[in-house]
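> Enclosed is the structure file query-v7.cif (mmCIF, C-alpha atoms).
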data_target
loop_
_atom_site.label_atom_id
_atom_site.label_comp_id
_atom_site.auth_asym_id
_atom_site.auth_seq_id
_atom_site.Cartn_x
_atom_site.Cartn_y
_atom_site.Cartn_z
CA MET A 1 123.64 117.97 119.08
CA ARG A 2 122.68 115.25 116.61
CA TYR A 3 125.45 112.87 115.65
CA GLY A 4 125.19 110.75 112.53
CA THR A 5 124.29 107.16 113.33
CA THR A 6 125.77 104.26 111.39
CA ALA A 7 122.34 103.55 109.89
CA SER A 8 121.92 107.14 108.72
CA ALA A 9 125.46 107.12 107.31
CA CYS A 10 124.83 103.94 105.29
CA ALA A 11 121.46 105.30 104.12
CA ALA A 12 123.07 108.60 103.06
CA LEU A 13 125.78 106.71 101.18
CA ILE A 14 123.29 104.45 99.39
CA ARG A 15 121.08 107.42 98.49
CA ARG A 16 124.08 109.37 97.20
CA ASP A 17 125.33 106.48 95.06
CA LEU A 18 121.90 105.86 93.56
CA VAL A 19 121.54 109.56 92.69
CA LEU A 20 125.06 109.60 91.20
CA THR A 21 124.31 106.53 89.09
CA TRP A 22 121.08 108.10 87.92
CA ARG A 23 122.90 111.30 86.94
CA ARG A 24 125.24 109.15 84.83
CA ARG A 25 122.77 106.52 83.77
CA GLY A 26 124.38 106.19 80.33
CA ASP A 27 127.58 104.94 81.98
CA ALA A 28 125.63 102.40 84.01
CA LEU A 29 124.69 100.52 80.85
CA ASN A 30 128.29 100.14 79.67
CA PRO A 31 129.01 96.76 81.33
CA ALA A 32 125.87 95.26 79.76
CA MET A 33 126.84 96.63 76.35
CA PHE A 34 130.35 95.25 76.75
CA ALA A 35 129.07 91.78 77.64
CA MET A 36 126.73 91.89 74.66
CA ILE A 37 129.52 92.76 72.24
CA VAL A 38 131.81 90.03 73.63
CA VAL A 39 129.02 87.48 73.24
CA VAL A 40 128.34 88.59 69.67
CA MET A 41 132.01 87.99 68.80
CA PHE A 42 131.84 84.25 69.46
CA PRO A 43 129.37 83.32 66.69
CA LEU A 44 131.39 85.54 64.36
CA ALA A 45 134.58 83.64 65.19
CA LEU A 46 133.19 80.13 65.59
CA GLY A 47 130.42 80.14 62.98
CA PRO A 48 126.68 80.26 63.64
CA GLU A 49 126.23 76.48 64.09
CA PRO A 50 123.41 76.27 66.76
CA ASN A 51 124.48 72.96 68.28
CA GLN A 52 128.08 74.02 68.70
CA LEU A 53 127.06 77.37 70.21
CA ALA A 54 124.53 75.76 72.55
CA ARG A 55 127.25 73.49 73.93
CA ILE A 56 129.51 76.39 74.95
CA ALA A 57 126.84 79.07 75.53
CA ALA A 58 126.83 78.96 79.34
CA GLY A 59 130.61 79.21 79.52
CA ILE A 60 130.77 82.14 77.09
CA LEU A 61 128.04 83.98 78.96
CA LEU A 62 129.68 83.52 82.33
CA VAL A 63 133.10 84.65 81.09
CA ALA A 64 131.62 87.67 79.30
CA ILE A 65 129.66 88.74 82.38
CA LEU A 66 132.66 88.15 84.63
CA LEU A 67 134.89 90.31 82.42
CA ALA A 68 132.24 93.04 82.19
CA GLY A 69 131.96 93.05 85.97
CA MET A 70 135.73 93.28 86.29
CA LEU A 71 135.90 96.33 84.02
CA ALA A 72 133.22 98.03 86.11
CA LEU A 73 135.18 97.40 89.32
CA ASP A 74 137.66 100.18 88.77
CA ASN A 75 135.00 102.80 89.43
CA LEU A 76 134.13 101.36 92.81
CA PHE A 77 136.36 103.62 94.91
CA ARG A 78 138.35 105.58 92.34
CA SER A 79 136.21 108.68 92.05
CA ASP A 80 135.69 108.80 95.81
CA HIS A 81 139.45 108.56 96.25
CA GLU A 82 140.20 111.27 93.69
CA ASP A 83 137.81 113.87 95.11
CA GLY A 84 138.65 113.22 98.77
CA THR A 85 135.30 111.69 99.75
CA LEU A 86 137.00 108.44 100.68
CA GLU A 87 139.17 110.27 103.22
CA GLN A 88 136.05 111.70 104.83
CA LEU A 89 134.43 108.24 104.93
CA VAL A 90 137.50 106.69 106.53
CA LEU A 91 137.52 109.49 109.12
CA SER A 92 133.87 109.07 110.03
CA PRO A 93 133.46 107.30 113.36
CA HIS A 94 131.29 104.57 111.83
CA PRO A 95 132.48 101.03 111.08
CA LEU A 96 134.18 101.46 107.72
CA SER A 97 133.29 97.90 106.71
CA LEU A 98 129.57 98.68 106.91
CA LEU A 99 129.96 101.85 104.85
CA LEU A 100 131.93 99.92 102.25
CA ALA A 101 129.37 97.11 102.27
CA SER A 102 126.67 99.68 101.39
CA ARG A 103 128.89 101.00 98.63
CA ILE A 104 129.47 97.48 97.25
CA ILE A 105 125.75 96.65 97.37
CA VAL A 106 124.88 99.71 95.30
CA HIS A 107 127.73 98.95 92.92
CA TRP A 108 126.33 95.44 92.45
CA LEU A 109 122.82 96.80 91.92
CA THR A 110 123.96 99.28 89.30
CA THR A 111 126.54 97.21 87.39
CA ALA A 112 125.74 93.50 87.87
CA LEU A 113 121.95 93.64 87.93
CA PRO A 114 121.76 95.06 84.37
CA LEU A 115 124.01 92.16 83.31
CA ILE A 116 121.65 89.62 84.86
CA VAL A 117 118.72 91.36 83.15
CA VAL A 118 120.30 91.06 79.67
CA ALA A 119 121.51 87.49 80.33
CA PRO A 120 118.32 85.81 78.94
CA LEU A 121 118.71 87.80 75.74
CA LEU A 122 122.36 86.80 75.41
CA ALA A 123 121.47 83.18 76.20
CA GLU A 124 118.93 83.23 73.39
CA MET A 125 121.54 84.62 71.00
CA LEU A 126 123.78 81.63 71.76
CA HIS A 127 120.99 79.00 71.57
CA LEU A 128 121.33 78.07 75.24
CA PRO A 129 118.63 75.44 75.92
CA ARG A 130 115.64 77.09 77.65
CA SER A 131 115.73 74.50 80.45
CA VAL A 132 119.21 75.69 81.49
CA LEU A 133 118.28 79.37 81.67
CA PRO A 134 116.82 79.27 85.24
CA VAL A 135 119.98 77.55 86.49
CA LEU A 136 122.12 80.15 84.72
CA LEU A 137 120.14 82.99 86.31
CA VAL A 138 120.40 81.49 89.80
CA ALA A 139 124.12 80.92 89.28
CA LEU A 140 124.51 84.55 88.17
CA ALA A 141 122.45 85.82 91.11
CA LEU A 142 124.82 84.02 93.47
CA ALA A 143 128.06 84.54 91.56
CA THR A 144 127.88 88.25 90.66
CA PRO A 145 127.62 89.55 94.27
CA LEU A 146 130.48 87.23 95.14
CA LEU A 147 132.53 88.69 92.28
CA SER A 148 131.70 92.25 93.43
CA LEU A 149 132.78 91.46 97.00
CA LEU A 150 136.03 89.72 96.02
CA GLY A 151 136.76 92.43 93.47
CA ALA A 152 136.16 95.19 96.02
CA VAL A 153 138.97 93.87 98.22
CA CYS A 154 141.39 94.00 95.28
CA VAL A 155 140.19 97.47 94.25
CA ALA A 156 140.73 98.65 97.81
CA LEU A 157 144.31 97.39 97.64
CA THR A 158 145.08 99.18 94.36
CA VAL A 159 143.10 102.40 94.81
CA GLY A 160 146.14 104.45 95.77
CA MET A 161 148.00 103.57 92.58
CA ARG A 162 147.82 105.29 89.26
CA ARG A 163 146.95 103.25 86.17
CA SER A 164 146.21 100.17 88.21
CA GLY A 165 143.90 98.63 85.57
CA MET A 166 146.12 95.73 84.50
CA LEU A 167 147.36 95.02 88.01
CA LEU A 168 143.77 94.91 89.21
CA ALA A 169 142.94 92.34 86.51
CA LEU A 170 145.91 90.20 87.52
CA LEU A 171 144.85 90.32 91.17
CA VAL A 172 141.16 89.74 90.57
CA LEU A 173 141.06 87.05 87.89
CA PRO A 174 142.67 84.22 89.91
CA LEU A 175 140.11 84.89 92.65
CA TYR A 176 137.33 84.73 90.08
CA VAL A 177 138.37 81.28 88.80
CA PRO A 178 136.65 79.20 91.53
CA VAL A 179 133.47 81.25 91.16
CA LEU A 180 133.53 80.63 87.41
CA ILE A 181 134.13 76.89 87.90
CA PHE A 182 131.16 76.45 90.22
CA ALA A 183 128.79 78.65 88.19
CA ALA A 184 129.74 76.99 84.88
CA GLY A 185 129.66 73.57 86.58
CA ALA A 186 126.05 74.09 87.62
CA CYS A 187 125.03 75.20 84.11
CA ASN A 188 126.89 72.34 82.38
CA ALA A 189 125.41 69.78 84.78
CA ALA A 190 121.91 71.11 84.12
CA GLN A 191 122.56 70.98 80.38
CA ALA A 192 123.71 67.34 80.65
CA GLY A 193 120.67 66.44 82.74
CA LEU A 194 122.77 65.83 85.87
CA PRO A 195 122.12 67.17 89.40
CA PHE A 196 123.20 70.79 89.55
CA LEU A 197 122.32 71.78 93.11
CA ALA A 198 125.69 71.13 94.74
CA PRO A 199 127.74 73.76 92.86
CA LEU A 200 124.97 76.31 93.44
CA LEU A 201 125.03 75.55 97.17
CA TRP A 202 128.81 76.01 97.17
CA LEU A 203 128.34 79.41 95.55
CA GLY A 204 125.74 80.27 98.18
CA ALA A 205 128.05 79.23 100.99
CA ALA A 206 130.92 81.26 99.54
CA LEU A 207 128.62 84.26 99.15
CA ALA A 208 127.53 84.03 102.79
CA LEU A 209 131.15 83.92 103.88
CA ALA A 210 132.21 86.77 101.59
CA LEU A 211 129.30 88.96 102.71
CA VAL A 212 130.72 88.90 106.23
CA LEU A 213 134.45 88.84 105.58
CA ALA A 214 134.99 90.83 102.36
CA PRO A 215 133.80 94.22 103.74
CA MET A 216 136.19 93.87 106.67
CA ALA A 217 139.10 92.90 104.42
CA CYS A 218 138.11 95.77 102.15
CA ALA A 219 138.21 98.25 105.04
CA ALA A 220 141.63 97.03 106.16
CA ALA A 221 142.99 97.17 102.60
CA LEU A 222 141.60 100.65 102.05
CA ARG A 223 143.22 101.97 105.23
CA ILE A 224 146.54 100.61 104.02
CA SER A 225 146.31 101.99 100.52
CA ILE A 226 145.21 105.55 101.36
CA THR A 227 148.00 106.10 103.89
CA MET B 1 131.88 125.87 130.62
CA VAL B 2 132.29 125.84 134.37
CA HIS B 3 135.57 124.80 135.88
CA VAL B 4 136.26 124.08 139.51
CA GLU B 5 138.59 126.74 140.91
CA GLY B 6 142.22 125.66 140.87
CA GLU B 7 141.62 122.70 138.59
CA THR B 8 143.12 122.97 135.11
CA PRO B 9 140.58 122.25 132.39
CA VAL B 10 141.13 119.17 130.25
CA PRO B 11 142.46 120.36 126.89
CA LEU B 12 140.36 119.53 123.84
CA LEU B 13 143.44 118.17 122.15
CA HIS B 14 146.61 116.99 123.80
CA ALA B 15 149.47 115.56 121.77
CA ARG B 16 152.16 113.77 123.76
CA GLY B 17 155.47 112.92 122.16
CA LEU B 18 153.75 112.72 118.81
CA SER B 19 155.86 111.82 115.78
CA TYR B 20 155.28 110.27 112.42
CA ALA B 21 157.65 108.35 110.18
CA ARG B 22 157.17 106.99 106.69
CA ASN B 23 159.35 104.01 105.84
CA ASP B 24 161.61 104.77 108.82
CA GLU B 25 162.09 108.33 107.59
CA SER B 26 160.94 110.80 110.19
CA ILE B 27 158.38 113.30 108.88
CA PHE B 28 157.86 115.39 112.02
CA GLY B 29 158.10 115.34 115.76
CA PRO B 30 158.28 114.40 118.48
CA LEU B 31 155.76 117.12 119.28
CA ASP B 32 154.07 118.06 122.54
CA PHE B 33 151.27 120.56 122.57
CA MET B 34 147.84 121.30 123.94
CA LEU B 35 144.87 122.94 122.33
CA HIS B 36 142.15 124.31 124.57
CA ARG B 37 138.60 125.14 123.64
CA GLY B 38 138.39 128.64 122.25
CA GLU B 39 141.84 128.56 120.68
CA VAL B 40 142.89 128.85 117.06
CA VAL B 41 146.45 127.76 116.40
CA LEU B 42 148.40 128.29 113.21
CA ILE B 43 150.81 125.51 112.26
CA GLU B 44 153.83 127.09 110.63
CA GLY B 45 156.37 125.32 108.56
CA ASP B 46 158.07 125.23 105.20
CA ASN B 47 156.96 123.07 102.33
CA GLY B 48 157.58 119.45 103.24
CA SER B 49 157.83 120.09 106.96
CA GLY B 50 154.90 117.75 107.55
CA LYS B 51 152.00 120.14 108.17
CA THR B 52 149.50 118.10 106.18
CA THR B 53 150.82 114.87 107.68
CA LEU B 54 150.44 116.31 111.18
CA LEU B 55 146.77 117.13 110.50
CA LYS B 56 146.19 113.65 109.10
CA VAL B 57 147.76 112.08 112.17
CA LEU B 58 145.70 114.28 114.49
CA SER B 59 142.52 113.39 112.63
CA GLY B 60 143.24 109.70 113.11
CA LEU B 61 143.78 109.01 109.41
CA LEU B 62 147.45 108.07 109.94
CA GLU B 63 148.88 106.11 112.82
CA PRO B 64 151.60 108.03 114.73
CA ALA B 65 155.01 106.38 114.99
CA THR B 66 155.33 107.36 118.62
CA GLY B 67 153.26 109.21 121.17
CA ASN B 68 149.54 109.53 121.49
CA ILE B 69 146.67 111.92 121.02
CA LEU B 70 144.18 112.70 123.73
CA LEU B 71 140.86 114.20 122.74
CA ASP B 72 138.99 115.58 125.75
CA GLY B 73 141.24 113.35 127.85
CA GLU B 74 140.42 110.18 125.91
CA GLU B 75 142.79 108.52 123.51
CA LEU B 76 142.07 108.86 119.80
CA THR B 77 143.06 105.92 117.63
CA LEU B 78 142.11 104.58 114.24
CA ALA B 79 139.76 102.14 115.93
CA ARG B 80 138.17 104.91 118.00
CA LEU B 81 137.62 107.93 115.79
CA SER B 82 135.53 110.75 117.11
CA HIS B 83 132.60 112.88 116.03
CA GLN B 84 134.52 115.76 117.60
CA VAL B 85 137.08 116.01 114.79
CA ALA B 86 136.52 117.45 111.32
CA LEU B 87 139.30 117.52 108.74
CA MET B 88 139.28 119.76 105.69
CA GLY B 89 142.03 118.52 103.43
CA HIS B 90 143.49 119.66 100.12
CA LEU B 91 140.73 117.79 98.31
CA PRO B 92 137.29 119.25 98.86
CA GLY B 93 135.59 115.84 99.21
CA LEU B 94 132.60 116.92 97.14
CA LYS B 95 130.91 114.94 94.39
CA SER B 96 130.96 117.04 91.25
CA ASP B 97 127.75 115.54 89.86
CA LEU B 98 125.76 116.47 92.94
CA SER B 99 124.50 119.91 93.91
CA ALA B 100 125.86 121.79 96.90
CA ILE B 101 122.79 120.92 98.98
CA GLU B 102 122.96 117.23 98.03
CA ASN B 103 126.61 117.13 99.08
CA LEU B 104 125.81 118.77 102.40
CA ASP B 105 122.88 116.39 103.01
CA PHE B 106 125.28 113.48 102.52
CA THR B 107 127.67 114.99 105.07
CA ILE B 108 124.85 115.38 107.59
CA GLY B 109 123.86 111.75 107.12
CA VAL B 110 127.40 110.59 107.82
CA PHE B 111 128.59 113.05 110.47
CA GLY B 112 125.42 114.48 111.99
CA LEU B 113 124.10 118.00 112.39
CA ARG B 114 124.92 120.85 114.75
CA PRO B 115 121.74 122.28 116.34
CA GLY B 116 120.33 125.52 114.97
CA ILE B 117 121.66 125.30 111.45
CA THR B 118 120.46 123.94 108.12
CA PRO B 119 122.34 123.28 104.87
CA ALA B 120 120.67 126.33 103.29
CA LEU B 121 121.72 128.56 106.21
CA ALA B 122 125.26 127.21 106.10
CA LEU B 123 125.52 127.95 102.38
CA ALA B 124 124.16 131.45 102.95
CA SER B 125 126.74 132.11 105.65
CA VAL B 126 129.61 131.20 103.31
CA GLY B 127 128.23 133.56 100.67
CA LEU B 128 126.75 130.93 98.36
CA GLU B 129 123.10 131.91 98.60
CA GLY B 130 121.39 130.97 95.37
CA TYR B 131 123.89 128.22 94.53
CA GLU B 132 121.99 125.51 96.45
CA ASP B 133 121.03 123.47 93.39
CA VAL B 134 124.04 124.17 91.19
CA ALA B 135 126.18 121.10 90.49
CA ILE B 136 129.59 121.29 92.19
CA ARG B 137 131.37 120.90 88.83
CA GLN B 138 129.97 124.28 87.74
CA LEU B 139 131.51 126.06 90.73
CA SER B 140 134.95 127.65 90.78
CA ALA B 141 137.75 126.34 93.00
CA GLY B 142 137.07 129.11 95.52
CA GLN B 143 133.36 128.35 95.57
CA LYS B 144 134.09 124.67 96.15
CA LYS B 145 136.24 125.69 99.09
CA ARG B 146 133.29 127.65 100.44
CA VAL B 147 131.03 124.60 100.17
CA ALA B 148 133.67 122.63 102.10
CA LEU B 149 133.59 125.41 104.74
CA ALA B 150 129.80 125.19 104.88
CA ARG B 151 130.23 121.52 105.71
CA LEU B 152 132.34 122.43 108.74
CA LEU B 153 129.53 124.67 109.97
CA LEU B 154 127.05 121.79 109.79
CA VAL B 155 128.93 118.97 111.47
CA PRO B 156 128.97 118.80 115.27
CA ALA B 157 132.78 118.60 115.52
CA ALA B 158 134.47 120.80 118.12
CA LEU B 159 137.97 120.43 116.67
CA TRP B 160 138.55 121.71 113.16
CA LEU B 161 141.72 120.62 111.36
CA LEU B 162 142.03 122.85 108.32
CA ASP B 163 144.70 122.27 105.73
CA GLU B 164 145.38 125.45 103.76
CA PRO B 165 141.91 126.93 104.34
CA TYR B 166 142.95 130.16 102.58
CA ALA B 167 144.03 128.54 99.32
CA ASN B 168 141.96 129.54 96.28
CA LEU B 169 140.06 132.17 98.22
CA ASP B 170 139.78 135.87 97.38
CA LYS B 171 140.26 138.57 100.01
CA GLU B 172 136.62 138.39 100.98
CA GLY B 173 136.92 134.61 101.29
CA ILE B 174 139.92 134.97 103.59
CA ASP B 175 137.91 137.32 105.80
CA LEU B 176 135.14 134.73 105.76
CA VAL B 177 137.48 131.99 107.01
CA ASN B 178 138.70 134.27 109.78
CA ARG B 179 135.15 135.13 110.81
CA LEU B 180 134.14 131.45 110.82
CA LEU B 181 137.19 130.58 112.92
CA ASP B 182 136.41 133.36 115.42
CA ALA B 183 132.79 132.29 115.71
CA HIS B 184 133.83 128.67 116.15
CA ALA B 185 136.31 129.58 118.89
CA ARG B 186 133.69 131.69 120.67
CA ARG B 187 131.26 128.74 120.59
CA GLY B 188 133.81 126.67 122.49
CA GLY B 189 135.42 125.02 119.50
CA ALA B 190 139.07 124.98 118.55
CA ALA B 191 140.97 124.86 115.30
CA LEU B 192 144.39 123.97 114.01
CA ILE B 193 145.17 125.47 110.64
CA THR B 194 148.09 125.29 108.28
CA SER B 195 149.05 128.11 106.01
CA HIS B 196 152.01 129.15 103.90
CA GLY B 197 151.45 132.87 104.20
CA ALA B 198 151.00 134.93 107.33
CA TYR B 199 147.43 136.11 107.67
CA ALA B 200 146.08 138.71 110.03
CA PHE B 201 143.35 137.31 112.20
CA THR B 202 140.49 139.60 113.08
CA THR B 203 141.22 139.34 116.78
CA GLY B 204 144.91 139.71 117.34
CA ALA B 205 147.69 137.34 116.41
CA PRO B 206 147.00 133.61 116.75
CA ARG B 207 149.16 131.24 118.70
CA ARG B 208 151.70 129.63 116.43
CA LEU B 209 153.01 126.10 116.41
CA PRO B 210 156.30 125.95 114.53
CA LEU B 211 156.96 122.71 112.72
CA ARG B 212 160.48 121.98 111.62
CA SER B 213 161.50 119.29 109.29
CA ALA B 214 163.07 116.46 111.23
CA ALA B 215 165.76 115.97 108.60
#
Mind turning this structure into structure tokens?

Amino acid sequence: MRYGTTASACAALIRRDLVLTWRRRGDALNPAMFAMIVVVMFPLALGPEPNQLARIAAGILLVAILLAGMLALDNLFRSDHEDGTLEQLVLSPHPLSLLLASRIIVHWLTTALPLIVVAPLLAEMLHLPRSVLPVLLVALALATPLLSLLGAVCVALTVGMRRSGMLLALLVLPLYVPVLIFAAGACNAAQAGLPFLAPLLWLGAALALALVLAPMACAAALRISIT
Amino acid sequence: MVHVEGETPVPLLHARGLSYARNDESIFGPLDFMLHRGEVVLIEGDNGSGKTTLLKVLSGLLEPATGNILLDGEELTLARLSHQVALMGHLPGLKSDLSAIENLDFTIGVFGLRPGITPALALASVGLEGYEDVAIRQLSAGQKKRVALARLLLVPAALWLLDEPYANLDKEGIDLVNRLLDAHARRGGAALITSHGAYAFTTGAPRRLPLRSAA
């Protein structure tokens, strides 16, 4: 009799999610396209003045990527909830938080990583100074997993509801504000030639904390919302 | 299984004073019953009498309001779920973009594998030979049900909790469920099933567990 181990369960879940994303690879590019369109709207509204755009580029990019990530959140557990897979996962005798952590990691890889990849292109479109780009990328690398983890807890709370899109946004956005402040703070400091390490370290510390706590909160929230 | 003479065997499932309430409204119970290895029990009740809820409570998905569940003599709680329990709910729990085999491989990764069976063999024994690589979305409701049954054959659980296993199945499919249940009982497993209609089991009438609405 061979029982599934927690490691094999997480591996099976990661493999399944990667295959599913690959089967629907067109959908995986949607957040990046959305961010791109939002970014393109700013020069149209504000005028193509390079200096003005450069001053607000980092902020626009961060908000666009944050909103794109938020729109992608809804898919995190919804399809698994609708087809009954979530029930099976909750019933499996493995720690639910570890299974959900695997799910969140793949979700980050497939939705946030494409955003980070297009970020240099978007930065160029907004005349962000080249010297700020590395700081922006580090800030994104730390902030996007944090956004995925915080968002996952809110998705877990709302997964049992129908048409929870707006409610999810109202729950998630206040939690995203501190992340945005630190990420934008680092970019703005770098742009002004000031030390930018401290806000990045804060993001790192918050990420370390969220990596441990968010999956557990997510598991507890999911148990509540599917019963 | 060998039992010492005169000693009663520990039941696979033992519910003691089990009841469930949602927002202080009683759904079923209190219930006391035992399920021994080799038994198949039909849960009978009208719509809304709490059959599905009972299965969810027994699987550990819902917390009972009162009472407890003993599985092989050990308490089953949300914090201590068991590899011995498999639930087949209303929803098949299959990813429609994946093929039948890919879905079954995922199940094996999470729940483990019974010795002497492979996903291909399990699919063949539910009559889906040749459908291994067909995406679930292209299957009919009855065929999806069969894939969900194939999953039960693969996992090492001794206790099957089947919610409406006959729904969406043709006559041949109903026979299939009965044959699978018989084989499972003969292997030392046990099953609790819910059903609206009365179905003839291949080997005599099953034990029945009537469930009445608490209201």
> Where does the PyMOL selection byres ((chain A) within 6 of (chain B)) land in this file, that is, which residues does it pick, as number ranges by chain?
A: 1-4, 8-9, 12, 83-85, 93
> If you keep C-alpha atoms, can you produce a file of those selected residues as a PDB file, keeping the file's coordinate frame?

ATOM      1  CA  MET A   1     123.640 117.970 119.080  1.00  0.00           C
ATOM      2  CA  ARG A   2     122.680 115.250 116.610  1.00  0.00           C
ATOM      3  CA  TYR A   3     125.450 112.870 115.650  1.00  0.00           C
ATOM      4  CA  GLY A   4     125.190 110.750 112.530  1.00  0.00           C
ATOM      5  CA  SER A   8     121.920 107.140 108.720  1.00  0.00           C
ATOM      6  CA  ALA A   9     125.460 107.120 107.310  1.00  0.00           C
ATOM      7  CA  ALA A  12     123.070 108.600 103.060  1.00  0.00           C
ATOM      8  CA  ASP A  83     137.810 113.870  95.110  1.00  0.00           C
ATOM      9  CA  GLY A  84     138.650 113.220  98.770  1.00  0.00           C
ATOM     10  CA  THR A  85     135.300 111.690  99.750  1.00  0.00           C
ATOM     11  CA  PRO A  93     133.460 107.300 113.360  1.00  0.00           C
TER      12      PRO A  93
END
> For the file shown, what are the residues hit by the PyMOL selection byres ((chain A and resi 61) around 8), laid out as a list in words?
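Against this file, the PyMOL selection byres ((chain A and resi 61) around 8) returns the residues Ala35, Val39, Ala57, Ala58, Gly59, Ile60, Leu62, Val63, Ala64, Ile65, Ala119, Leu122 and Ala123 of chain A.
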> How would you write, as a VMD selection string, the residues chosen by the PyMOL selection byres ((chain B and resi 187) around 12) on this structure?
chain B and resid 1 37 to 39 114 153 156 to 159 180 to 186 188 to 191
> In Å, how far is it from CA of Met70 (chain A) to CA of Arg137 (chain B)?
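CA of Arg137 (chain B) lies at a distance of 28.1 Å from CA of Met70 (chain A).
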> Near Leu149 (chain B), within 9 Å and counting only C-alpha atoms, which residues show up once chain neighbours fewer than 5 positions away are dropped, as a list in words?
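Neighbouring residues, sequence-local ones excluded: Met88, Ala122, Leu123, Val126, Lys144, Pro165, Val177 and Leu180 of chain B.
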> Could you rebuild region 54-73 of chain B with N, CA and C atoms and give me the result as an mmCIF file, in the coordinates of the input?

data_model
loop_
_atom_site.group_PDB
_atom_site.id
_atom_site.type_symbol
_atom_site.label_atom_id
_atom_site.label_comp_id
_atom_site.auth_asym_id
_atom_site.auth_seq_id
_atom_site.Cartn_x
_atom_site.Cartn_y
_atom_site.Cartn_z
ATOM 1 N N LEU B 54 150.811 116.109 109.780
ATOM 2 C CA LEU B 54 150.440 116.310 111.180
ATOM 3 C C LEU B 54 148.911 116.333 111.311
ATOM 4 N N LEU B 55 148.232 117.060 110.423
ATOM 5 C CA LEU B 55 146.770 117.130 110.500
ATOM 6 C C LEU B 55 146.157 115.747 110.279
ATOM 7 N N LYS B 56 146.739 114.984 109.358
ATOM 8 C CA LYS B 56 146.190 113.650 109.100
ATOM 9 C C LYS B 56 146.381 112.738 110.311
ATOM 10 N N VAL B 57 147.532 112.882 110.973
ATOM 11 C CA VAL B 57 147.760 112.080 112.170
ATOM 12 C C VAL B 57 146.785 112.489 113.265
ATOM 13 N N LEU B 58 146.595 113.808 113.431
ATOM 14 C CA LEU B 58 145.700 114.280 114.490
ATOM 15 C C LEU B 58 144.257 113.886 114.229
ATOM 16 N N SER B 59 143.901 113.766 112.939
ATOM 17 C CA SER B 59 142.520 113.390 112.630
ATOM 18 C C SER B 59 142.295 111.899 112.854
ATOM 19 N N GLY B 60 143.386 111.138 112.939
ATOM 20 C CA GLY B 60 143.240 109.700 113.110
ATOM 21 C C GLY B 60 143.414 108.936 111.811
ATOM 22 N N LEU B 61 143.656 109.668 110.716
ATOM 23 C CA LEU B 61 143.780 109.010 109.410
ATOM 24 C C LEU B 61 145.091 108.218 109.326
ATOM 25 N N LEU B 62 146.149 108.766 109.934
ATOM 26 C CA LEU B 62 147.450 108.070 109.940
ATOM 27 C C LEU B 62 147.804 107.704 111.374
ATOM 28 N N GLU B 63 148.455 106.591 111.509
ATOM 29 C CA GLU B 63 148.880 106.110 112.820
ATOM 30 C C GLU B 63 150.209 106.772 113.193
ATOM 31 N N PRO B 64 150.308 107.434 114.368
ATOM 32 C CA PRO B 64 151.600 108.030 114.730
ATOM 33 C C PRO B 64 152.651 106.965 114.995
ATOM 34 N N ALA B 65 153.924 107.328 114.729
ATOM 35 C CA ALA B 65 155.010 106.380 114.990
ATOM 36 C C ALA B 65 155.223 106.245 116.496
ATOM 37 N N THR B 66 155.232 107.387 117.165
ATOM 38 C CA THR B 66 155.330 107.360 118.620
ATOM 39 C C THR B 66 154.344 108.363 119.196
ATOM 40 N N GLY B 67 154.117 108.245 120.489
ATOM 41 C CA GLY B 67 153.260 109.210 121.170
ATOM 42 C C GLY B 67 151.801 108.892 121.005
ATOM 43 N N ASN B 68 150.972 109.739 121.641
ATOM 44 C CA ASN B 68 149.540 109.530 121.490
ATOM 45 C C ASN B 68 148.780 110.857 121.496
ATOM 46 N N ILE B 69 147.529 110.753 121.144
ATOM 47 C CA ILE B 69 146.670 111.920 121.020
ATOM 48 C C ILE B 69 145.527 111.746 122.000
ATOM 49 N N LEU B 70 145.314 112.750 122.830
ATOM 50 C CA LEU B 70 144.180 112.700 123.730
ATOM 51 C C LEU B 70 143.164 113.739 123.286
ATOM 52 N N LEU B 71 141.934 113.300 123.141
ATOM 53 C CA LEU B 71 140.860 114.200 122.740
ATOM 54 C C LEU B 71 139.903 114.274 123.919
ATOM 55 N N ASP B 72 139.794 115.450 124.536
ATOM 56 C CA ASP B 72 138.990 115.580 125.750
ATOM 57 C C ASP B 72 139.420 114.552 126.803
ATOM 58 N N GLY B 73 140.720 114.275 126.845
ATOM 59 C CA GLY B 73 141.240 113.350 127.850
ATOM 60 C C GLY B 73 141.145 111.889 127.459
#
